[in-house]
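As structure tokens, the structure follows; a few thoughts come after it.
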Amino acid sequence: MIYFSTNTSSIPVSIKRATLEGLAPDGGLYIPSEIPKFSPEELALLAGGSFNNIALAIAKKFIGTAIPPHQLSEMIEECYPFETPIVSLDQNTFVEELFHGPTLAFKDYGARFLARLTGYFAAEDERLITVLVATSGDTGSAVAYGFQGIANTRVVLLYPSGKVSRLQEQQLTTAGGNVYALEVEGDFDDCQRMVKEAFVDPALKERLTLTSANSINISRLIPQSFYYAWATLQLKELYGYSEPVFSVPSGNYGNLTAGILAKKMGFPVGHFIAASNANDSVTRYLHEGRYEPRPTQTTLSTAMDVGNPSNFARLRYFYRNDSVAMGRDISGIAVSDAETLATIRSVYERFGYVMDPHTAVAYRALEQYRSSQGNNNQPGVVLSTAHPAKFLESIESTLAIKIAIPSRLEDLLEKKKTATLISSEYRELASFLEGLDQ
Ligand SMILES: *Cc1c(COP(=O)(O)O)cnc(C)c1O
């Protein structure tokens with residue numbers, strides 16, 4: 001399998017190059033030259049299998065011979081030692097819980113796979129790869145725990161001091177070992193600016209192999225197709241349902257793009273809902289056919305606060321820039337903060353189920369889609385991207401209930417924070433990186 005850039009002016013590369021480079025040299029995003037297909041016979045063989053079995057079958061097609069199958073199989077086992085439950089709310093409404101990984105958010109699915117691939121390819125070349133990430137929360141913690149203990153890699157995280165929650169800070173600063181946390185006296189934009197500067201610093205390039213782990217990396221995207229495939233096969237197996245609608249709470253649209261991959265591979269998806277908050281650039285594109293990104297607005301579903309989503313480049317490429325064609329597969333629905341809170345409340349009252357704000361956006365969008373279609377019977381899957389305990393404040397005040405914190409989080413809160421405090425001057429980051437072992 002070879003990968004080329006959505007801007008099409010770079011030469012095609014191997015999965016190894018695409019993984020280690022992240023962004024293509026022409027500024028585009030890597031996509032597979034052709035999307036592998038599963039025949040009906042192959043799908044029948046996968047049905048009833050475990051999550052990891054399905055994951056391995058998909059990974060093999062995208063990775064080809066770059067990693068021997070038995071090693072790929074071991075990697076998958078290490079990536080996903082946790083469950084991916086599909087909870088039924090009523091006869092045809094399901095919540096796929098993607099928050100049972102170590103950081104309680106779905107970003108674990110992508111980050112853990114990317115970490116192992118990066119480690120494998122770095123070891124082949126006997127290199128040490130330094131992953132540099134600016135984070136405002138969720139991505140950094142998934143990357144920290146994903147790369148923790150992976151040989152031939154280390155992670156340097158920059159986060160804005162005093163601007164992440166206590167839980168997030170604990171996740172960012174307690175992984176230890178090959179994970180270094182830098183607490184920056186500045187805001188998230190300062191962190192991003194410093195990271196960008198490091199990537200173009202010729203002196204650093206001589207000494208370190210730097211890479212990023214953001215959601216443009218194709219090896220974060222591929223594994224996100226696993227849970228779509230799993231859900232389609234499980235719904236068929238357990239309920240006899242086919243062609244469900246997936247409602248996807250979207251920010252950078254990596255999650256949705258992975259769903260499109262799953263559909264193109266042949267897994268039976270009926271339709272997608274791109275559920276957004278007030279940051280509705282893609283929703284407006286789907287309705288009006290023009291892409292006019294706007295500045296980011298702050299909402300309750302903070303991880304979806306993205307004004308100009310990076311993975312939109314891939315979606316556009318797949319649909320040849322045709323919003324009508326995209327609209328046949330994807331409906332865009334924007335949900336306000338007030339609707340989000342009302343949904344958390346009504347879902348709790350109707351089903352006794354507690355949703356975090358991101359999941360509630362997707363649930364509300366599914367309801368709206370069904371009523372616009374006048375069809376409440378099509379099976380629907382809401383992707384639940386975060387555990388409600390991650391957003392305690394908004395949930396406890398909305399529902400007037402106490403949320404039990406999972407025990408692994410309580411342990412985390414006890415751990416000792418280790419971070420290096422630096423100013424927002426680039427040279428402080430540079431000297432930290434220069435001080436790392438070769
Ligand atoms: C990152 C994130 C999202 C958005 O996912 P994208 O792939 O960026 O669209 C949604 N919910 C949660 C909890 C997240 O952390």
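Residue numbering restarts at 1 in every chain; chains get A, B, ... in the order shown in the structure tokens, and ligands count up from 1 in that same order.
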Counting only C-alpha atoms, give me one row per residue of segment 180-297 of chain A with an atom at most 12 Å from an atom of segment 97-105 of chain A, showing the shortest contact pair and its distance in Å to one decimal, sorted by chain then residue number, as a tab-separated table.
```
residue	atom	partner	partner_atom	distance
A:Gln224	CA	A:Leu98	CA	10.2
A:Phe226	CA	A:Leu98	CA	11.2
A:Tyr227	CA	A:Leu98	CA	8.3
A:Tyr228	CA	A:Leu98	CA	10.8
A:Trp230	CA	A:Leu98	CA	11.8
A:Ala231	CA	A:Glu97	CA	10.5
A:Val248	CA	A:Leu98	CA	11.6
A:Pro249	CA	A:Leu98	CA	12.0
A:Asn255	CA	A:Leu98	CA	11.4
```
Include N, CA and C atoms and write out the residues we just selected as a CSV table (one decimal), in the first residue's frame.
```csv
chain,number,residue,atom,x,y,z
A,224,GLN,N,-8.9,4.4,13.9
A,224,GLN,CA,-10.3,4.9,14.2
A,224,GLN,C,-11.4,4.3,13.4
A,226,PHE,N,-11.5,1.1,13.1
A,226,PHE,CA,-11.8,-0.2,13.7
A,226,PHE,C,-13.1,-0.2,14.4
A,227,TYR,N,-13.5,0.8,15.1
A,227,TYR,CA,-14.7,0.8,15.9
A,227,TYR,C,-16.0,1.0,15.1
A,228,TYR,N,-15.8,1.6,14.0
A,228,TYR,CA,-17.0,1.6,13.1
A,228,TYR,C,-17.3,0.2,12.5
A,230,TRP,N,-16.4,-2.7,13.8
A,230,TRP,CA,-16.9,-3.5,15.0
A,230,TRP,C,-18.3,-3.2,15.2
A,231,ALA,N,-18.8,-2.0,15.2
A,231,ALA,CA,-20.2,-1.7,15.5
A,231,ALA,C,-21.1,-2.2,14.4
A,248,VAL,N,-21.5,11.4,14.8
A,248,VAL,CA,-20.1,11.6,15.2
A,248,VAL,C,-19.9,13.0,15.7
A,249,PRO,N,-19.6,13.1,17.0
A,249,PRO,CA,-19.3,14.5,17.5
A,249,PRO,C,-18.0,14.9,17.0
A,255,ASN,N,-12.3,11.7,13.3
A,255,ASN,CA,-13.2,10.6,13.6
A,255,ASN,C,-14.2,10.3,12.4
```
Give me the chain A side of the contact with ligand 1, cut-off 7 Å, one line per residue showing its nearest atom pair and distance in Å at one decimal, counting only C-alpha atoms and all ligand atoms, sorted by chain and residue number, as CSV.
```
residue,atom,partner,partner_atom_place_in_ligand_line,distance
A:Ala105,CA,ligand 1,13 (C),5.6
A:Phe106,CA,ligand 1,15 (O),6.5
A:Lys107,CA,ligand 1,15 (O),6.1
A:Asp138,CA,ligand 1,15 (O),5.4
A:Thr139,CA,ligand 1,15 (O),6.9
A:Pro249,CA,ligand 1,10 (C),5.2
A:Ser250,CA,ligand 1,9 (O),3.5
A:Gly251,CA,ligand 1,9 (O),3.6
A:Asn252,CA,ligand 1,8 (O),3.4
A:Tyr253,CA,ligand 1,9 (O),3.4
A:Gly254,CA,ligand 1,7 (O),3.6
A:Asn255,CA,ligand 1,7 (O),3.8
A:Leu256,CA,ligand 1,9 (O),6.4
A:Ala303,CA,ligand 1,14 (C),4.6
A:Met304,CA,ligand 1,4 (C),4.9
A:His358,CA,ligand 1,11 (N),5.2
A:Thr385,CA,ligand 1,13 (C),4.5
A:Ala386,CA,ligand 1,13 (C),4.4
```
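The list of residues with at least one atom within 7 Å of Ser33 of chain A, based on only C-alpha atoms and without residues fewer than 6 positions apart in the same chain, reads Ile2, Tyr3 and Phe4 of chain A.
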Requested in this report: Find the spatial neighbours of Phe62 of chain A, counting only C-alpha atoms, within a cut-off of 8 Å - ignore same-chain residues fewer than 6 positions away - and output them as a PyMOL selection string.
Outcome: chain A and resi 1+32+36+222
Test item: residues at most 10 Å from Ile63 of chain A, only C-alpha atoms, excluding those fewer than 3 positions along its chain, as a PDB file with all heavy atoms, in the first residue's frame:
```pdb
ATOM      1  N   MET A   1       0.847  -1.202   0.000  1.00  0.00           N
ATOM      2  CA  MET A   1       0.000   0.000   0.000  1.00  0.00           C
ATOM      3  C   MET A   1       0.885   1.257   0.000  1.00  0.00           C
ATOM      4  O   MET A   1       1.799   1.358   0.815  1.00  0.00           O
ATOM      5  CB  MET A   1      -0.889  -0.030   1.244  1.00  0.00           C
ATOM      6  CG  MET A   1      -1.758   1.192   1.425  1.00  0.00           C
ATOM      7  SD  MET A   1      -3.108   1.327   0.239  1.00  0.00           S
ATOM      8  CE  MET A   1      -4.196   0.018   0.808  1.00  0.00           C
ATOM      9  N   ILE A   2       0.611   2.174  -0.910  1.00  0.00           N
ATOM     10  CA  ILE A   2       1.345   3.433  -0.873  1.00  0.00           C
ATOM     11  C   ILE A   2       0.389   4.578  -0.531  1.00  0.00           C
ATOM     12  O   ILE A   2      -0.827   4.464  -0.670  1.00  0.00           O
ATOM     13  CB  ILE A   2       2.088   3.732  -2.204  1.00  0.00           C
ATOM     14  CG1 ILE A   2       1.112   3.734  -3.365  1.00  0.00           C
ATOM     15  CG2 ILE A   2       3.241   2.778  -2.429  1.00  0.00           C
ATOM     16  CD1 ILE A   2       1.696   4.319  -4.617  1.00  0.00           C
ATOM     17  N   SER A  14       5.797   5.214   1.526  1.00  0.00           N
ATOM     18  CA  SER A  14       5.379   4.019   2.265  1.00  0.00           C
ATOM     19  C   SER A  14       4.622   4.438   3.527  1.00  0.00           C
ATOM     20  O   SER A  14       4.679   5.600   3.942  1.00  0.00           O
ATOM     21  CB  SER A  14       6.614   3.231   2.668  1.00  0.00           C
ATOM     22  OG  SER A  14       7.400   4.042   3.538  1.00  0.00           O
ATOM     23  N   ILE A  15       3.974   3.468   4.167  1.00  0.00           N
ATOM     24  CA  ILE A  15       3.292   3.749   5.437  1.00  0.00           C
ATOM     25  C   ILE A  15       4.316   4.233   6.467  1.00  0.00           C
ATOM     26  O   ILE A  15       4.012   5.088   7.310  1.00  0.00           O
ATOM     27  CB  ILE A  15       2.508   2.508   5.956  1.00  0.00           C
ATOM     28  CG1 ILE A  15       1.741   2.818   7.247  1.00  0.00           C
ATOM     29  CG2 ILE A  15       3.408   1.314   6.218  1.00  0.00           C
ATOM     30  CD1 ILE A  15       0.551   3.698   7.104  1.00  0.00           C
ATOM     31  N   LYS A  16       5.541   3.717   6.363  1.00  0.00           N
ATOM     32  CA  LYS A  16       6.581   4.135   7.311  1.00  0.00           C
ATOM     33  C   LYS A  16       6.881   5.622   7.185  1.00  0.00           C
ATOM     34  O   LYS A  16       6.842   6.359   8.175  1.00  0.00           O
ATOM     35  CB  LYS A  16       7.841   3.307   7.035  1.00  0.00           C
ATOM     36  CG  LYS A  16       9.029   3.662   7.896  1.00  0.00           C
ATOM     37  CD  LYS A  16      10.162   2.673   7.648  1.00  0.00           C
ATOM     38  CE  LYS A  16      11.411   3.045   8.406  1.00  0.00           C
ATOM     39  NZ  LYS A  16      12.447   2.000   8.243  1.00  0.00           N
ATOM     40  N   ILE A  58      -8.167  -5.227   9.388  1.00  0.00           N
ATOM     41  CA  ILE A  58      -8.110  -3.920   8.721  1.00  0.00           C
ATOM     42  C   ILE A  58      -6.663  -3.425   8.660  1.00  0.00           C
ATOM     43  O   ILE A  58      -6.180  -2.986   7.613  1.00  0.00           O
ATOM     44  CB  ILE A  58      -9.004  -2.890   9.462  1.00  0.00           C
ATOM     45  CG1 ILE A  58     -10.470  -3.315   9.391  1.00  0.00           C
ATOM     46  CG2 ILE A  58      -8.819  -1.493   8.871  1.00  0.00           C
ATOM     47  CD1 ILE A  58     -11.417  -2.448  10.207  1.00  0.00           C
ATOM     48  N   ALA A  59      -5.963  -3.517   9.788  1.00  0.00           N
ATOM     49  CA  ALA A  59      -4.587  -3.012   9.849  1.00  0.00           C
ATOM     50  C   ALA A  59      -3.703  -3.692   8.808  1.00  0.00           C
ATOM     51  O   ALA A  59      -2.903  -3.042   8.129  1.00  0.00           O
ATOM     52  CB  ALA A  59      -4.017  -3.204  11.252  1.00  0.00           C
ATOM     53  N   LYS A  60      -3.900  -4.995   8.637  1.00  0.00           N
ATOM     54  CA  LYS A  60      -3.083  -5.734   7.655  1.00  0.00           C
ATOM     55  C   LYS A  60      -3.239  -5.146   6.262  1.00  0.00           C
ATOM     56  O   LYS A  60      -2.279  -5.043   5.509  1.00  0.00           O
ATOM     57  CB  LYS A  60      -3.528  -7.199   7.615  1.00  0.00           C
ATOM     58  CG  LYS A  60      -2.878  -8.091   8.629  1.00  0.00           C
ATOM     59  CD  LYS A  60      -3.351  -9.521   8.346  1.00  0.00           C
ATOM     60  CE  LYS A  60      -2.894 -10.483   9.413  1.00  0.00           C
ATOM     61  NZ  LYS A  60      -3.713 -11.716   9.363  1.00  0.00           N
ATOM     62  N   ALA A  66       4.773  -4.056   5.530  1.00  0.00           N
ATOM     63  CA  ALA A  66       5.693  -3.187   6.276  1.00  0.00           C
ATOM     64  C   ALA A  66       5.936  -3.685   7.697  1.00  0.00           C
ATOM     65  O   ALA A  66       6.978  -3.402   8.297  1.00  0.00           O
ATOM     66  CB  ALA A  66       5.174  -1.749   6.294  1.00  0.00           C
ATOM     67  N   ILE A  67       4.965  -4.420   8.256  1.00  0.00           N
ATOM     68  CA  ILE A  67       5.140  -5.013   9.590  1.00  0.00           C
ATOM     69  C   ILE A  67       4.664  -6.463   9.494  1.00  0.00           C
ATOM     70  O   ILE A  67       3.560  -6.718   9.005  1.00  0.00           O
ATOM     71  CB  ILE A  67       4.304  -4.260  10.651  1.00  0.00           C
ATOM     72  CG1 ILE A  67       4.736  -2.785  10.723  1.00  0.00           C
ATOM     73  CG2 ILE A  67       4.441  -4.916  12.029  1.00  0.00           C
ATOM     74  CD1 ILE A  67       3.920  -1.941  11.683  1.00  0.00           C
ATOM     75  N   PRO A  68       5.492  -7.428   9.952  1.00  0.00           N
ATOM     76  CA  PRO A  68       5.063  -8.831   9.864  1.00  0.00           C
ATOM     77  C   PRO A  68       3.769  -9.050  10.665  1.00  0.00           C
ATOM     78  O   PRO A  68       3.619  -8.475  11.745  1.00  0.00           O
ATOM     79  CB  PRO A  68       6.224  -9.606  10.506  1.00  0.00           C
ATOM     80  CG  PRO A  68       7.375  -8.653  10.533  1.00  0.00           C
ATOM     81  CD  PRO A  68       6.819  -7.272  10.543  1.00  0.00           C
ATOM     82  N   PRO A  69       2.856  -9.888  10.133  1.00  0.00           N
ATOM     83  CA  PRO A  69       1.535 -10.060  10.749  1.00  0.00           C
ATOM     84  C   PRO A  69       1.581 -10.435  12.230  1.00  0.00           C
ATOM     85  O   PRO A  69       0.781  -9.925  13.011  1.00  0.00           O
ATOM     86  CB  PRO A  69       0.889 -11.182   9.935  1.00  0.00           C
ATOM     87  CG  PRO A  69       1.635 -11.219   8.656  1.00  0.00           C
ATOM     88  CD  PRO A  69       2.991 -10.662   8.890  1.00  0.00           C
ATOM     89  N   LEU A  72       2.271  -7.318  14.137  1.00  0.00           N
ATOM     90  CA  LEU A  72       1.120  -6.422  14.088  1.00  0.00           C
ATOM     91  C   LEU A  72       0.048  -6.914  15.067  1.00  0.00           C
ATOM     92  O   LEU A  72      -0.567  -6.124  15.789  1.00  0.00           O
ATOM     93  CB  LEU A  72       0.582  -6.401  12.657  1.00  0.00           C
ATOM     94  CG  LEU A  72      -0.375  -5.284  12.289  1.00  0.00           C
ATOM     95  CD1 LEU A  72       0.219  -3.917  12.581  1.00  0.00           C
ATOM     96  CD2 LEU A  72      -0.741  -5.385  10.804  1.00  0.00           C
ATOM     97  N   LEU A 117       3.346   1.978  16.072  1.00  0.00           N
ATOM     98  CA  LEU A 117       3.904   2.017  14.722  1.00  0.00           C
ATOM     99  C   LEU A 117       5.167   2.869  14.680  1.00  0.00           C
ATOM    100  O   LEU A 117       6.170   2.488  14.079  1.00  0.00           O
ATOM    101  CB  LEU A 117       2.869   2.547  13.722  1.00  0.00           C
ATOM    102  CG  LEU A 117       2.221   1.467  12.856  1.00  0.00           C
ATOM    103  CD1 LEU A 117       1.445   0.470  13.707  1.00  0.00           C
ATOM    104  CD2 LEU A 117       1.303   2.076  11.809  1.00  0.00           C
ATOM    105  N   SER A 219      -1.576   7.318  10.600  1.00  0.00           N
ATOM    106  CA  SER A 219      -1.590   6.182  11.531  1.00  0.00           C
ATOM    107  C   SER A 219      -2.398   6.455  12.793  1.00  0.00           C
ATOM    108  O   SER A 219      -2.563   5.584  13.634  1.00  0.00           O
ATOM    109  CB  SER A 219      -0.169   5.750  11.891  1.00  0.00           C
ATOM    110  OG  SER A 219       0.382   5.102  10.768  1.00  0.00           O
ATOM    111  N   ILE A 222      -6.238   5.502  10.663  1.00  0.00           N
ATOM    112  CA  ILE A 222      -6.578   4.111  10.314  1.00  0.00           C
ATOM    113  C   ILE A 222      -7.242   3.382  11.499  1.00  0.00           C
ATOM    114  O   ILE A 222      -8.305   2.784  11.327  1.00  0.00           O
ATOM    115  CB  ILE A 222      -5.322   3.351   9.807  1.00  0.00           C
ATOM    116  CG1 ILE A 222      -4.878   3.934   8.456  1.00  0.00           C
ATOM    117  CG2 ILE A 222      -5.570   1.851   9.708  1.00  0.00           C
ATOM    118  CD1 ILE A 222      -3.469   3.514   8.020  1.00  0.00           C
TER     119      ILE A 222
END
```
Query - DSSP strand (DSSP E or B) residues within segment 38-273 of chain A, listed as number ranges by chain - result: A: 86-90, 93-97, 105, 129-134, 153-160, 179-185, 209-211, 245-249, 271-273
Selection: 7 Å around segment 175-186 of chain A, only C-alpha atoms, excl. self and same-chain fewer than 2 positions, as a tab-separated table (two decimals) with all heavy atoms, in the first residue's frame:
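Just written: result-v2.tsv:
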```tsv
chain	number	residue	atom	x	y	z
A	144	ALA	N	0.65	11.05	25.64
A	144	ALA	CA	1.52	10.72	26.77
A	144	ALA	C	1.36	9.25	27.15
A	144	ALA	O	2.33	8.50	27.25
A	144	ALA	CB	1.22	11.61	27.97
A	145	TYR	N	0.12	8.82	27.34
A	145	TYR	CA	-0.11	7.43	27.75
A	145	TYR	C	0.08	6.45	26.61
A	145	TYR	O	0.40	5.29	26.84
A	145	TYR	CB	-1.47	7.29	28.44
A	145	TYR	CG	-1.34	7.74	29.88
A	145	TYR	CD1	-1.44	9.08	30.23
A	145	TYR	CD2	-0.98	6.83	30.87
A	145	TYR	CE1	-1.23	9.50	31.52
A	145	TYR	CE2	-0.77	7.24	32.17
A	145	TYR	CZ	-0.90	8.57	32.50
A	145	TYR	OH	-0.67	8.98	33.77
A	148	GLN	N	3.99	6.09	26.33
A	148	GLN	CA	4.67	5.74	27.58
A	148	GLN	C	5.33	4.36	27.46
A	148	GLN	O	4.68	3.38	27.12
A	148	GLN	CB	3.62	5.70	28.70
A	148	GLN	CG	4.17	5.44	30.07
A	148	GLN	CD	3.03	5.30	31.09
A	148	GLN	OE1	1.98	4.77	30.78
A	148	GLN	NE2	3.26	5.80	32.28
A	149	GLY	N	6.64	4.32	27.69
A	149	GLY	CA	7.35	3.05	27.69
A	149	GLY	C	7.62	2.45	26.31
A	149	GLY	O	8.10	1.32	26.22
A	154	ARG	N	10.39	9.15	22.44
A	154	ARG	CA	10.11	9.93	23.65
A	154	ARG	C	9.19	11.08	23.27
A	154	ARG	O	9.10	11.47	22.10
A	154	ARG	CB	11.40	10.44	24.30
A	154	ARG	CG	12.12	11.44	23.45
A	154	ARG	CD	13.42	11.86	24.10
A	154	ARG	NE	14.28	12.47	23.11
A	154	ARG	CZ	15.60	12.51	23.20
A	154	ARG	NH1	16.22	11.98	24.23
A	154	ARG	NH2	16.31	13.09	22.25
A	155	VAL	N	8.49	11.60	24.26
A	155	VAL	CA	7.47	12.62	24.00
A	155	VAL	C	7.79	13.87	24.81
A	155	VAL	O	8.14	13.77	25.99
A	155	VAL	CB	6.07	12.11	24.42
A	155	VAL	CG1	5.03	13.20	24.28
A	155	VAL	CG2	5.68	10.89	23.61
A	156	VAL	N	7.72	15.02	24.16
A	156	VAL	CA	7.81	16.30	24.88
A	156	VAL	C	6.49	17.03	24.67
A	156	VAL	O	6.11	17.33	23.53
A	156	VAL	CB	9.00	17.14	24.38
A	156	VAL	CG1	9.04	18.48	25.11
A	156	VAL	CG2	10.32	16.39	24.56
A	157	LEU	N	5.77	17.26	25.78
A	157	LEU	CA	4.45	17.90	25.71
A	157	LEU	C	4.53	19.32	26.22
A	157	LEU	O	5.13	19.57	27.26
A	157	LEU	CB	3.50	17.20	26.68
A	157	LEU	CG	3.15	15.75	26.48
A	157	LEU	CD1	2.53	15.22	27.75
A	157	LEU	CD2	2.17	15.65	25.33
A	158	LEU	N	3.92	20.25	25.52
A	158	LEU	CA	3.85	21.63	26.02
A	158	LEU	C	2.39	21.92	26.34
A	158	LEU	O	1.51	21.73	25.50
A	158	LEU	CB	4.31	22.63	24.96
A	158	LEU	CG	5.81	22.77	24.72
A	158	LEU	CD1	6.32	21.60	23.90
A	158	LEU	CD2	6.10	24.09	24.01
A	159	TYR	N	2.13	22.36	27.56
A	159	TYR	CA	0.75	22.74	27.89
A	159	TYR	C	0.74	24.08	28.60
A	159	TYR	O	1.70	24.45	29.28
A	159	TYR	CB	0.06	21.65	28.72
A	159	TYR	CG	0.53	21.53	30.15
A	159	TYR	CD1	-0.14	22.20	31.18
A	159	TYR	CD2	1.63	20.75	30.48
A	159	TYR	CE1	0.27	22.09	32.50
A	159	TYR	CE2	2.05	20.64	31.80
A	159	TYR	CZ	1.38	21.32	32.81
A	159	TYR	OH	1.79	21.21	34.11
A	160	PRO	N	-0.34	24.85	28.43
A	160	PRO	CA	-0.40	26.19	29.03
A	160	PRO	C	-0.68	26.12	30.54
A	160	PRO	O	-1.65	25.49	30.95
A	160	PRO	CB	-1.56	26.86	28.29
A	160	PRO	CG	-2.41	25.74	27.80
A	160	PRO	CD	-1.53	24.55	27.60
A	161	SER	N	0.19	26.73	31.31
A	161	SER	CA	0.07	26.69	32.77
A	161	SER	C	-1.26	27.27	33.23
A	161	SER	O	-1.67	28.35	32.78
A	161	SER	CB	1.23	27.49	33.37
A	161	SER	OG	1.14	27.47	34.77
A	171	GLN	N	-2.92	13.95	34.08
A	171	GLN	CA	-2.68	13.01	32.97
A	171	GLN	C	-1.43	13.40	32.18
A	171	GLN	O	-0.71	12.55	31.69
A	171	GLN	CB	-3.90	12.96	32.04
A	171	GLN	CG	-5.07	12.21	32.65
A	171	GLN	CD	-6.27	12.13	31.72
A	171	GLN	OE1	-6.51	13.05	30.94
A	171	GLN	NE2	-7.03	11.07	31.80
A	172	LEU	N	-1.21	14.71	32.06
A	172	LEU	CA	-0.08	15.17	31.24
A	172	LEU	C	1.25	15.04	31.98
A	172	LEU	O	2.29	14.92	31.34
A	172	LEU	CB	-0.28	16.65	30.86
A	172	LEU	CG	-1.46	16.95	29.94
A	172	LEU	CD1	-1.67	18.45	29.81
A	172	LEU	CD2	-1.23	16.32	28.57
A	173	THR	N	1.22	15.07	33.29
A	173	THR	CA	2.48	15.23	34.04
A	173	THR	C	2.89	14.02	34.87
A	173	THR	O	3.84	14.09	35.62
A	173	THR	CB	2.38	16.44	35.00
A	173	THR	OG1	1.29	16.20	35.90
A	173	THR	CG2	2.16	17.74	34.25
A	188	PHE	N	-2.37	28.45	24.97
A	188	PHE	CA	-2.20	27.34	24.02
A	188	PHE	C	-1.55	27.83	22.71
A	188	PHE	O	-0.72	27.13	22.13
A	188	PHE	CB	-3.56	26.70	23.75
A	188	PHE	CG	-3.51	25.63	22.69
A	188	PHE	CD1	-2.73	24.49	22.86
A	188	PHE	CD2	-4.24	25.76	21.52
A	188	PHE	CE1	-2.67	23.50	21.89
A	188	PHE	CE2	-4.19	24.77	20.54
A	188	PHE	CZ	-3.40	23.64	20.73
A	190	ASP	N	0.67	30.13	22.38
A	190	ASP	CA	2.11	30.21	22.60
A	190	ASP	C	2.75	28.83	22.45
A	190	ASP	O	3.79	28.68	21.81
A	190	ASP	CB	2.42	30.74	24.02
A	190	ASP	CG	2.04	32.21	24.19
A	190	ASP	OD1	2.31	32.99	23.26
A	190	ASP	OD2	1.46	32.56	25.25
A	191	CYS	N	2.10	27.83	23.04
A	191	CYS	CA	2.64	26.47	22.95
A	191	CYS	C	2.76	26.04	21.49
A	191	CYS	O	3.77	25.48	21.06
A	191	CYS	CB	1.75	25.48	23.70
A	191	CYS	SG	1.62	25.80	25.46
A	419	ALA	N	6.83	18.27	36.11
A	419	ALA	CA	6.81	19.13	34.92
A	419	ALA	C	7.93	20.16	35.05
A	419	ALA	O	8.35	20.50	36.17
A	419	ALA	CB	5.47	19.84	34.78
A	420	THR	N	8.43	20.61	33.90
A	420	THR	CA	9.43	21.67	33.90
A	420	THR	C	8.74	22.96	33.50
A	420	THR	O	8.10	23.01	32.44
A	420	THR	CB	10.54	21.33	32.88
A	420	THR	OG1	11.06	20.04	33.20
A	420	THR	CG2	11.67	22.35	32.93
A	421	LEU	N	8.84	23.97	34.35
A	421	LEU	CA	8.19	25.24	34.07
A	421	LEU	C	9.10	26.07	33.15
A	421	LEU	O	10.28	26.25	33.46
A	421	LEU	CB	7.96	25.99	35.39
A	421	LEU	CG	7.10	27.24	35.33
A	421	LEU	CD1	5.67	26.92	34.97
A	421	LEU	CD2	7.14	27.98	36.67
A	422	ILE	N	8.58	26.53	32.02
A	422	ILE	CA	9.37	27.40	31.14
A	422	ILE	C	8.53	28.62	30.73
A	422	ILE	O	7.29	28.58	30.81
A	422	ILE	CB	9.89	26.67	29.86
A	422	ILE	CG1	8.73	26.19	28.98
A	422	ILE	CG2	10.81	25.52	30.22
A	422	ILE	CD1	9.18	25.68	27.62
A	423	SER	N	9.21	29.66	30.28
A	423	SER	CA	8.48	30.83	29.78
A	423	SER	C	8.04	30.55	28.35
A	423	SER	O	8.33	29.49	27.79
A	423	SER	CB	9.39	32.06	29.82
A	423	SER	OG	10.25	32.04	28.69
A	424	SER	N	7.35	31.49	27.73
A	424	SER	CA	6.89	31.25	26.37
A	424	SER	C	7.91	31.71	25.32
A	424	SER	O	7.56	31.90	24.16
A	424	SER	CB	5.53	31.93	26.15
A	424	SER	OG	5.65	33.31	26.37
```
